[in-house]
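Listing of entry32.txt; format and content: compact mmCIF, C-alpha atoms.
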# COMPACT_ATOMS: atom_id res chain seq x y z
CA MET A 1 1.76 19.65 -8.05
CA ASN A 2 2.24 19.06 -11.79
CA ASN A 3 6.00 19.62 -11.52
CA LEU A 4 6.43 16.86 -8.91
CA ARG A 5 8.83 14.27 -10.23
CA THR A 6 10.97 11.56 -8.81
CA ASP A 7 13.73 9.35 -10.11
CA ILE A 8 12.97 6.44 -7.78
CA LEU A 9 9.58 5.61 -6.33
CA LEU A 10 9.84 3.38 -3.26
CA VAL A 11 6.56 1.67 -2.39
CA GLU A 12 6.88 0.06 1.04
CA ASP A 13 4.29 -0.21 3.81
CA ASN A 14 6.66 -1.37 6.58
CA PRO A 15 8.26 1.75 8.12
CA ASP A 16 11.36 -0.14 9.27
CA GLU A 17 11.94 -1.66 5.82
CA ALA A 18 11.35 1.76 4.23
CA ILE A 19 13.94 3.42 6.49
CA LEU A 20 16.49 0.72 5.65
CA ALA A 21 15.80 0.97 1.93
CA LEU A 22 15.94 4.78 1.91
CA ARG A 23 19.18 4.74 3.87
CA GLN A 24 20.76 2.31 1.39
CA LEU A 25 19.46 4.18 -1.65
CA ARG A 26 20.77 7.50 -0.37
CA LYS A 27 24.22 6.02 0.33
CA ASP A 28 24.66 5.80 -3.41
CA ASN A 29 25.03 9.62 -3.63
CA THR A 30 23.81 9.73 -7.23
CA GLY A 31 21.65 12.77 -6.56
CA LYS A 32 18.52 10.85 -7.50
CA ASP A 33 15.20 12.12 -6.15
CA ILE A 34 13.56 9.39 -4.09
CA LEU A 35 9.91 9.42 -3.08
CA HIS A 36 8.53 6.96 -0.55
CA VAL A 37 4.84 6.07 -0.56
CA LYS A 38 3.25 3.67 1.90
CA ASP A 39 0.96 1.49 -0.21
CA GLY A 40 -0.29 0.53 -3.63
CA VAL A 41 -3.03 3.15 -3.67
CA GLU A 42 -0.49 5.96 -3.18
CA ALA A 43 1.79 4.37 -5.79
CA LEU A 44 -0.99 4.30 -8.39
CA ASP A 45 -2.00 7.85 -7.48
CA PHE A 46 1.56 9.04 -8.05
CA ILE A 47 2.09 7.11 -11.28
CA PHE A 48 -1.26 8.14 -12.78
CA GLY A 49 -1.48 11.65 -11.28
CA THR A 50 -4.64 11.02 -9.25
CA GLY A 51 -5.70 11.35 -5.59
CA LYS A 52 -3.22 13.35 -3.54
CA PHE A 53 -1.00 13.58 -6.63
CA MET A 54 -3.80 15.00 -8.81
CA GLY A 55 -2.39 17.02 -11.66
CA ARG A 56 1.12 15.56 -11.53
CA ASP A 57 2.61 15.44 -15.02
CA ILE A 58 2.51 11.72 -15.77
CA THR A 59 4.64 12.19 -18.87
CA LYS A 60 7.56 12.33 -16.40
CA PRO A 61 7.40 8.86 -14.83
CA PRO A 62 9.87 7.59 -12.25
CA GLN A 63 13.03 6.05 -13.72
CA LEU A 64 12.56 3.12 -11.36
CA VAL A 65 9.82 1.80 -9.07
CA LEU A 66 10.83 -0.40 -6.12
CA LEU A 67 7.56 -2.12 -5.24
CA ASP A 68 6.81 -4.25 -2.19
CA ILE A 69 4.84 -7.32 -3.19
CA ASN A 70 2.80 -7.63 0.03
CA MET A 71 0.88 -4.52 1.08
CA PRO A 72 -2.59 -3.74 2.40
CA ARG A 73 -5.33 -2.12 0.29
CA VAL A 74 -3.67 -2.72 -3.11
CA ASN A 75 -0.78 -5.18 -3.20
CA GLY A 76 2.31 -4.93 -5.36
CA LEU A 77 1.13 -7.47 -7.93
CA GLU A 78 -2.05 -5.46 -8.51
CA VAL A 79 -0.02 -2.26 -8.93
CA LEU A 80 2.32 -4.01 -11.36
CA GLU A 81 -0.60 -5.34 -13.37
CA LYS A 82 -2.29 -1.91 -13.62
CA VAL A 83 0.91 -0.11 -14.58
CA ARG A 84 1.76 -2.69 -17.25
CA ALA A 85 -1.80 -2.57 -18.67
CA ASP A 86 -1.58 1.16 -19.48
CA GLU A 87 0.49 2.05 -22.53
CA ARG A 88 1.49 5.37 -20.95
CA THR A 89 3.25 3.58 -18.09
CA SER A 90 3.98 0.09 -19.39
CA ASN A 91 7.70 0.73 -19.87
CA ILE A 92 8.49 1.98 -16.36
CA PRO A 93 11.11 -0.35 -14.83
CA ILE A 94 9.50 -2.02 -11.81
CA VAL A 95 11.57 -4.08 -9.40
CA MET A 96 9.59 -6.11 -6.90
CA LEU A 97 10.67 -6.23 -3.26
CA VAL A 98 10.04 -9.71 -1.88
CA ALA A 99 10.59 -11.27 1.55
CA THR A 100 11.96 -14.48 0.04
CA ALA A 101 12.90 -15.60 -3.42
CA SER A 102 10.11 -18.19 -3.44
CA VAL A 103 9.43 -19.63 -6.86
CA PRO A 104 5.68 -18.78 -6.90
CA ASP A 105 6.30 -15.12 -6.02
CA VAL A 106 9.08 -14.75 -8.57
CA GLU A 107 7.02 -16.48 -11.27
CA LYS A 108 4.04 -14.18 -10.58
CA CYS A 109 6.29 -11.12 -10.77
CA HIS A 110 7.80 -12.18 -14.09
CA ALA A 111 4.42 -13.22 -15.54
CA LEU A 112 3.04 -9.74 -14.83
CA GLY A 113 6.06 -8.01 -16.37
CA ALA A 114 8.33 -7.12 -13.46
CA SER A 115 11.77 -5.96 -14.51
CA GLY A 116 13.31 -7.96 -11.66
CA PHE A 117 13.17 -8.53 -7.96
CA ILE A 118 15.21 -7.84 -4.83
CA VAL A 119 14.97 -9.90 -1.68
CA LYS A 120 14.49 -7.62 1.33
CA PRO A 121 16.11 -6.02 3.15
CA VAL A 122 17.32 -3.76 0.35
CA THR A 123 21.08 -3.34 0.36
CA LEU A 124 23.23 -1.00 -1.65
CA GLU A 125 24.85 -4.00 -3.33
CA ASN A 126 21.61 -5.60 -4.56
CA TYR A 127 20.17 -2.21 -5.55
CA ASN A 128 23.29 -1.39 -7.62
CA SER A 129 23.28 -4.88 -9.13
CA MET A 130 19.66 -4.46 -10.22
CA LEU A 131 20.39 -1.04 -11.75
CA GLN A 132 23.24 -2.56 -13.75
CA GLU A 133 20.98 -5.38 -14.95
CA LEU A 134 18.41 -2.82 -16.08
CA GLY A 135 21.08 -0.80 -17.91
CA MET A 136 20.65 2.19 -15.62
CA ARG A 137 24.31 2.21 -14.50

Now, as a test, write the supplied structure out as structure tokens.
Amino acid sequence: MNNLRTDILLVEDNPDEAILALRQLRKDNTGKDILHVKDGVEALDFIFGTGKFMGRDITKPPQLVLLDINMPRVNGLEVLEKVRADERTSNIPIVMLVATASVPDVEKCHALGASGFIVKPVTLENYNSMLQELGMR
């Protein structure tokens, strides 16, 4: 388990949205490893090497986290806050996935340190645009 790594961590609880996002991300053909987890608990477990990802080498964080803002158990804002609060993970680029570009949601994301946001559904165009903005293209 400690060798498990991923380039992009997709955190999305809606299976239909996840399928669309994965399809768009894989169209890019960059050879990036993409891992999909279904909620904030699994995201935190992966990032911090706990739970079902116990022993994962956390010194190899994802290059990008695409994080749904609204999820059960632990929502995206809580995940963002916990990741930013830990110096080991505070620099991971985290792009929030939001249903609408409402000002309160966007302000919350920026206040907690999000690298940016994408309005769902995720398209190849807005994914590539965000990567360029983050300097990853």

- Message: Considering all atoms listed in the file, can you say which of A:Thr59, A:Met54, A:Val37, A:Asn70 comes closest to Asn91 in chain A?
- Response: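 Ranking A:Thr59, A:Met54, A:Val37, A:Asn70 by distance to Asn91 in chain A, first place goes to A:Thr59.
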
- Calculate how many Å separate CA of Leu66 in chain A from CA of Val95 in chain A, rounding to one decimal.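 Taking CA of Leu66 in chain A and CA of Val95 in chain A, their separation equals 5.0 Å.
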
- Message: To one decimal place in Å, what is the distance between CA of Leu112 in chain A and CA of Arg23 in chain A?
- Response: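 Here the two named atoms are 28.6 Å from each other.
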
- Query: Between A:Asp45, A:Asp57, A:Asp39, A:Glu133, which has the minimum distance to Leu77 in chain A (counting only C-alpha atoms)?
  - Reply: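 Among the listed residues, the smallest separation from Leu77 in chain A belongs to A:Asp39.
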
- Query: For Thr6 in chain A, which of A:Ile19, A:Ala85, A:Leu44, A:Val65 is the closest residue, counting all atoms listed in the file?
  - Reply: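 Among the listed residues, A:Val65 lies closest to Thr6 in chain A.
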
- Item | Pairwise distance for CA of Ala99 in chain A and CA of Asp68 in chain A, rounded to one decimal in Å | 8.8 Å

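Minimum atom-to-atom distance to Val119 in chain A, evaluated using only C-alpha atoms, belongs to A:Leu97 out of A:Leu22, A:Leu97, A:Val41, A:Leu131.
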
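Minimum atom-to-atom distances from A:Leu80, A:Leu20, A:Ile34, A:Ala111 to Thr123 in chain A were compared using all atoms listed in the file, and the lowest value belongs to A:Leu20.
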